[in-house]
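What follows is the content of query_26.csv, which has CSV, C-alpha atoms and all ligand atoms:
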chain,number,residue,atom,x,y,z
V,44,MET,CA,17.4,-11.7,29.1
V,45,ALA,CA,15.7,-13.3,26.1
V,46,THR,CA,12.2,-11.9,25.2
V,47,MET,CA,9.4,-14.2,24.2
V,48,MET,CA,8.2,-13.6,20.6
V,49,THR,CA,4.6,-14.5,19.8
V,50,ASP,CA,4.3,-16.7,16.8
V,51,TYR,CA,1.5,-15.3,14.5
V,52,THR,CA,1.9,-17.9,11.7
V,53,ALA,CA,-1.5,-19.4,12.3
V,54,GLU,CA,-3.3,-16.0,12.4
V,55,ARG,CA,-1.5,-15.0,9.2
V,56,GLN,CA,-2.6,-18.2,7.5
V,57,ALA,CA,-6.2,-17.8,8.7
V,58,MET,CA,-6.2,-14.1,7.4
V,59,VAL,CA,-5.0,-15.2,4.0
V,60,GLU,CA,-7.6,-18.0,3.8
V,61,ARG,CA,-10.6,-16.2,5.2
V,62,GLN,CA,-10.0,-12.5,4.3
V,63,LEU,CA,-8.3,-12.9,0.9
V,64,ARG,CA,-8.7,-16.3,-0.8
V,65,ARG,CA,-12.4,-16.8,0.2
V,66,ARG,CA,-13.1,-13.2,-1.0
V,67,GLY,CA,-11.8,-13.9,-4.5
V,68,ILE,CA,-8.0,-13.1,-4.3
V,69,THR,CA,-6.8,-16.2,-6.0
V,70,GLU,CA,-3.4,-15.4,-7.5
V,71,GLN,CA,-1.0,-17.7,-5.6
V,72,ARG,CA,1.9,-15.3,-5.8
V,73,ILE,CA,-0.2,-12.6,-4.1
V,74,LEU,CA,-1.4,-15.0,-1.4
V,75,ASP,CA,2.2,-16.2,-0.9
V,76,ALA,CA,3.4,-12.6,-0.5
V,77,PHE,CA,0.8,-12.0,2.3
V,78,LEU,CA,1.8,-15.4,3.9
V,79,GLU,CA,5.4,-14.2,4.0
V,80,VAL,CA,5.2,-10.7,5.4
V,81,PRO,CA,4.8,-10.5,9.2
V,82,ARG,CA,2.1,-7.8,9.5
V,83,GLU,CA,2.6,-7.7,13.3
V,84,ALA,CA,6.0,-6.2,12.7
V,85,PHE,CA,4.6,-3.2,11.0
V,86,VAL,CA,2.4,-2.0,13.8
V,87,SER,CA,3.4,-0.8,17.3
V,88,PRO,CA,3.7,-3.6,19.9
V,89,GLU,CA,0.4,-2.8,21.6
V,90,TYR,CA,-1.5,-3.5,18.3
V,91,ALA,CA,0.5,-6.7,17.4
V,92,HIS,CA,-2.3,-9.0,18.7
V,93,LEU,CA,-4.8,-7.2,16.4
V,94,ALA,CA,-2.5,-7.3,13.3
V,95,TYR,CA,-4.5,-10.0,11.5
V,96,GLY,CA,-8.0,-8.5,12.1
V,97,ASP,CA,-10.2,-7.6,9.1
V,98,HIS,CA,-9.8,-3.9,9.5
V,99,PRO,CA,-7.3,-1.0,9.4
V,100,LEU,CA,-5.2,-0.2,12.5
V,101,PRO,CA,-3.7,3.0,13.8
V,102,ILE,CA,0.0,3.6,13.1
V,103,GLU,CA,2.4,6.4,14.0
V,104,ALA,CA,1.6,10.1,13.0
V,105,GLN,CA,-2.2,9.5,13.4
V,106,GLN,CA,-2.3,7.4,10.1
V,107,THR,CA,-3.5,3.9,9.4
V,108,ILE,CA,-2.3,0.6,8.0
V,109,SER,CA,-5.0,-0.5,5.5
V,110,GLN,CA,-7.2,-3.5,5.8
V,111,PRO,CA,-5.3,-6.5,4.4
V,112,TYR,CA,-8.1,-7.3,1.8
V,113,ILE,CA,-8.0,-3.8,0.4
V,114,VAL,CA,-4.2,-4.0,0.0
V,115,ALA,CA,-4.6,-7.3,-1.8
V,116,LEU,CA,-7.4,-6.0,-4.0
V,117,MET,CA,-5.2,-3.0,-5.1
V,118,ILE,CA,-2.2,-5.3,-5.7
V,119,GLU,CA,-4.2,-7.7,-7.8
V,120,ALA,CA,-5.9,-4.8,-9.8
V,121,ALA,CA,-2.5,-3.2,-10.5
V,122,GLY,CA,-1.5,-6.4,-12.4
V,123,ILE,CA,2.1,-6.3,-11.1
V,124,ALA,CA,4.6,-8.6,-12.8
V,125,SER,CA,7.9,-9.9,-11.4
V,126,GLY,CA,10.6,-7.5,-12.4
V,127,ASP,CA,8.2,-4.5,-12.4
V,128,LYS,CA,9.2,-1.2,-10.7
V,129,VAL,CA,6.3,-0.1,-8.5
V,130,LEU,CA,5.6,3.3,-6.8
V,131,GLU,CA,3.5,3.2,-3.6
V,132,VAL,CA,2.2,6.7,-2.7
V,133,GLY,CA,1.6,6.8,1.1
V,134,SER,CA,3.8,4.0,2.2
V,135,GLY,CA,3.0,4.6,5.9
V,136,SER,CA,4.2,1.6,8.0
V,137,GLY,CA,5.9,0.0,5.0
V,138,TYR,CA,3.6,-3.1,5.1
V,139,ALA,CA,2.1,-2.8,1.7
V,140,ALA,CA,5.5,-1.9,0.2
V,141,ALA,CA,6.9,-5.1,1.8
V,142,VAL,CA,4.1,-7.2,0.4
V,143,ILE,CA,4.5,-5.7,-3.1
V,144,SER,CA,8.3,-6.3,-2.9
V,145,ARG,CA,7.6,-10.1,-2.8
V,146,ILE,CA,5.8,-9.8,-6.2
V,147,ALA,CA,7.6,-7.0,-8.0
V,148,GLY,CA,11.3,-6.4,-8.8
V,149,GLU,CA,11.6,-3.1,-7.0
V,150,VAL,CA,9.4,-0.9,-4.9
V,151,VAL,CA,9.6,2.9,-4.2
V,152,GLY,CA,7.4,4.0,-1.3
V,153,ILE,CA,6.8,7.8,-0.9
V,154,GLU,CA,5.5,9.2,2.4
V,155,ARG,CA,5.0,12.8,3.6
V,156,GLN,CA,5.1,12.1,7.3
V,157,HIS,CA,8.6,12.2,8.6
V,158,ALA,CA,7.9,10.1,11.7
V,159,LEU,CA,6.8,7.2,9.4
V,160,ILE,CA,9.8,7.5,7.2
V,161,GLU,CA,12.2,6.6,10.0
V,162,VAL,CA,10.1,3.7,11.4
V,163,SER,CA,9.3,2.2,8.1
V,164,ARG,CA,12.9,2.4,6.8
V,165,GLU,CA,14.2,0.8,10.0
V,166,ARG,CA,11.6,-2.1,9.8
V,167,LEU,CA,12.2,-2.8,6.2
V,168,GLU,CA,15.9,-2.9,6.6
V,169,ARG,CA,15.8,-5.0,9.8
V,170,LEU,CA,13.4,-7.5,8.1
V,171,GLY,CA,15.6,-7.7,5.0
V,172,TYR,CA,13.3,-6.1,2.3
V,173,ASP,CA,16.2,-4.8,0.3
V,174,ASN,CA,14.3,-4.1,-2.9
V,175,VAL,CA,12.2,-1.4,-1.2
V,176,GLY,CA,13.3,2.2,-0.9
V,177,ILE,CA,11.3,4.8,1.1
V,178,VAL,CA,11.5,8.4,-0.1
V,179,GLU,CA,10.2,11.4,2.0
V,180,GLY,CA,8.1,13.8,0.0
V,181,ASP,CA,4.8,14.8,-1.6
V,182,GLY,CA,3.6,11.7,-3.5
V,183,THR,CA,1.1,13.7,-5.5
V,184,ARG,CA,4.2,14.8,-7.5
V,185,GLY,CA,5.2,11.2,-7.9
V,186,CYS,CA,8.9,10.5,-7.7
V,187,PRO,CA,10.4,11.8,-11.0
V,188,GLU,CA,14.0,10.7,-10.1
V,189,GLU,CA,12.9,7.1,-9.9
V,190,ALA,CA,10.3,7.1,-12.8
V,191,PRO,CA,9.1,5.5,-15.0
V,192,PHE,CA,7.0,3.0,-13.0
V,193,ASP,CA,5.2,-0.1,-14.3
V,194,ALA,CA,2.4,0.3,-11.7
V,195,ILE,CA,1.5,3.0,-9.1
V,196,LEU,CA,-0.7,2.4,-6.0
V,197,ALA,CA,-1.9,5.3,-3.9
V,198,ALA,CA,-2.9,4.5,-0.3
V,199,ALA,CA,-4.7,7.8,0.2
V,200,SER,CA,-7.6,9.4,-1.5
V,201,GLY,CA,-7.7,12.4,-3.8
V,202,SER,CA,-10.2,14.3,-5.9
V,203,HIS,CA,-8.5,13.1,-9.1
V,204,ILE,CA,-5.5,11.2,-10.2
V,205,PRO,CA,-2.5,13.6,-10.1
V,206,ALA,CA,-1.1,14.4,-13.5
V,207,PRO,CA,2.5,13.7,-12.4
V,208,LEU,CA,1.5,10.1,-11.6
V,209,VAL,CA,0.1,9.6,-15.1
V,210,GLU,CA,3.3,11.1,-16.6
V,211,GLN,CA,5.5,8.8,-14.6
V,212,LEU,CA,3.5,5.6,-15.5
V,213,SER,CA,4.8,3.4,-18.3
V,214,ARG,CA,2.4,2.7,-21.2
V,215,GLY,CA,0.3,-0.3,-20.5
V,216,GLY,CA,0.8,0.2,-16.7
V,217,SER,CA,-1.9,0.9,-14.2
V,218,ILE,CA,-2.6,3.3,-11.4
V,219,VAL,CA,-4.8,2.1,-8.6
V,220,MET,CA,-6.1,4.9,-6.3
V,221,PRO,CA,-9.1,5.9,-4.2
V,222,VAL,CA,-10.9,8.9,-5.8
V,223,GLY,CA,-13.5,11.0,-4.0
V,224,SER,CA,-14.1,13.3,-1.0
V,225,PRO,CA,-12.3,12.8,2.3
V,226,GLY,CA,-14.5,11.6,5.1
V,227,TRP,CA,-16.8,9.8,2.7
V,228,VAL,CA,-16.8,6.5,0.8
V,229,GLN,CA,-14.5,6.9,-2.2
V,230,LYS,CA,-14.3,5.0,-5.4
V,231,LEU,CA,-11.3,2.7,-5.9
V,232,VAL,CA,-10.3,3.4,-9.5
V,233,LYS,CA,-7.9,1.5,-11.8
V,234,ALA,CA,-6.6,3.6,-14.6
V,235,THR,CA,-4.6,2.0,-17.3
V,236,LYS,CA,-2.4,4.1,-19.6
V,237,ARG,CA,-3.1,3.3,-23.2
V,238,GLU,CA,-0.4,3.5,-26.0
V,239,ASP,CA,-1.6,7.0,-26.9
V,240,GLY,CA,-1.2,8.2,-23.3
V,241,SER,CA,-4.9,8.4,-22.5
V,242,LEU,CA,-6.4,6.5,-19.5
V,243,GLN,CA,-8.9,3.7,-19.5
V,244,GLN,CA,-10.7,3.7,-16.1
V,245,THR,CA,-12.4,1.0,-14.2
V,246,ASP,CA,-14.4,1.4,-10.9
V,247,LEU,CA,-13.4,-1.3,-8.4
V,248,GLY,CA,-16.0,-0.4,-5.8
V,249,GLY,CA,-16.3,1.7,-2.6
V,250,VAL,CA,-13.5,2.2,-0.1
V,251,ARG,CA,-12.6,4.5,2.7
V,252,PHE,CA,-9.0,6.0,2.9
V,253,VAL,CA,-7.3,8.8,4.6
V,254,PRO,CA,-6.9,12.0,2.4
V,255,LEU,CA,-4.0,12.4,0.0
V,256,ILE,CA,-2.5,15.7,1.1
V,257,GLY,CA,-0.2,17.7,-1.2
V,258,GLU,CA,0.2,19.9,-4.3
V,259,GLU,CA,-2.2,17.8,-6.4
V,260,GLY,CA,-4.2,16.6,-3.4
V,261,TRP,CA,-6.2,18.0,-0.5
V,262,LYS,CA,-4.9,20.9,1.7
V,263,ASP,CA,-3.4,19.9,5.1
V,264,ALA,CA,-6.1,20.5,7.8
V,301,LIG,N1,0.3,1.7,2.7
V,301,LIG,C1,0.4,2.0,4.1
V,301,LIG,C2,0.8,0.9,5.0
V,301,LIG,O1,0.9,-0.2,4.5
V,301,LIG,O2,1.0,1.1,6.2
V,301,LIG,C3,-0.9,2.7,4.6
V,301,LIG,C4,-0.8,4.1,4.5
V,301,LIG,S1,-2.1,5.1,5.1
V,301,LIG,C5,-3.6,4.4,4.7
V,301,LIG,C6,-1.9,6.5,3.9
V,301,LIG,C7,-0.6,7.2,4.0
V,301,LIG,O3,-0.6,8.2,3.0
V,301,LIG,C8,-0.4,8.0,5.3
V,301,LIG,O4,0.8,7.5,5.9
V,301,LIG,C9,-0.2,9.4,4.9
V,301,LIG,O5,0.7,10.1,5.6
V,301,LIG,C10,0.2,9.2,3.4
V,301,LIG,N2,0.0,10.4,2.5
V,301,LIG,C11,-1.0,11.2,2.4
V,301,LIG,N3,-0.8,12.1,1.5
V,301,LIG,C12,0.4,11.9,0.9
V,301,LIG,C13,1.3,12.5,-0.1
V,301,LIG,N4,0.9,13.5,-0.8
V,301,LIG,N5,2.5,11.9,-0.3
V,301,LIG,C14,2.9,10.8,0.4
V,301,LIG,N6,2.2,10.3,1.4
V,301,LIG,C15,1.0,10.8,1.6
Please express what this file holds, its structure, as structure tokens.
Amino acid sequence: MATMMTDYTAERQAMVERQLRRRGITEQRILDAFLEVPREAFVSPEYAHLAYGDHPLPIEAQQTISQPYIVALMIEAAGIASGDKVLEVGSGSGYAAAVISRIAGEVVGIERQHALIEVSRERLERLGYDNVGIVEGDGTRGCPEEAPFDAILAAASGSHIPAPLVEQLSRGGSIVMPVGSPGWVQKLVKATKREDGSLQQTDLGGVRFVPLIGEEGWKDA
């Protein structure tokens, strides 16, 4: 028996217009990437009708898929060019990695929750995002076997930018990551690696993310 699929095209277009473009995300290739990726396919079926809301949503393993605007802000700040190799720490549902994959050449997502590895790999493969690889592990250590990266985005908040991420970033590349205490508003920071290896940091404003848990992050509760 055929199942009826809801068409979310109009909701996706409205999200891109109202939540992204009108809030200042103007790069067309970023807007096009959000228009292309079906966010409803990255949440469980009971949340599909809420997929284009202006907020995070629960995903498996008690984690969240971030608010679309924050994902767009991070992508824009990272200054990703076509052909770039990008690391996403905390790839969760795979949604942000899928969006980044429409802009970059290759995306490596690293995730510590085993349950999310399986679902995100299955989705990305089924939907045809063949330039995204999902690795299971502690992203505070980066992904040395895949380094260097032209840009690194962290979707979870730490007390500082982990040193391995700085080491694995190419010169001229940027890390975008929320920095601050868990349970509070954190600062979204853009750190660009200068030629001498030092970081130039910019504060992009307040955000609220789940904690980055690992060797160079917070301890598991
Ligand atoms: N980008 C994701 C998406 O599009 O669905 C949202 C991810 S959620 C806000 C943050 C994720 O970071 C969670 O899935 C969590 O398990 C993961 N995480 C936390 N600490 C981590 C670490 N050290 N390494 C890898 N993933 C981590």
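Across V:Arg169, V:His157, V:Arg237, V:Arg164, the tightest approach to ligand LIG 301 (chain V) is made by V:His157 when counting all atoms listed in the file.
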Once you count only C-alpha atoms and all ligand atoms, which residues end up within 8 Å of ligand LIG 301 (chain V), and could you hand them over as JSON, numbers by chain?
{"V": [85, 102, 104, 106, 107, 108, 109, 114, 131, 132, 133, 134, 135, 136, 137, 138, 139, 140, 153, 154, 155, 156, 159, 179, 180, 181, 182, 183, 184, 197, 198, 199, 200, 252, 253, 254, 255, 256, 257, 258, 259, 260]}
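The shortest atom-to-atom distance to Phe77 of chain V, with all atoms listed in the file taken into account, belongs to V:Ile146 out of V:Leu100, V:Ile146, V:Met117, V:Ile123.
Going from atom CA of Leu63 of chain V to atom CA of Arg251 of chain V covers 18.0 Å.
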I want to know what sits within 7 Å of Arg145 of chain V, based on only C-alpha atoms, with residues of the same chain fewer than 3 positions away left out; could you give that as a PyMOL selection string?
chain V and resi 76+141-142
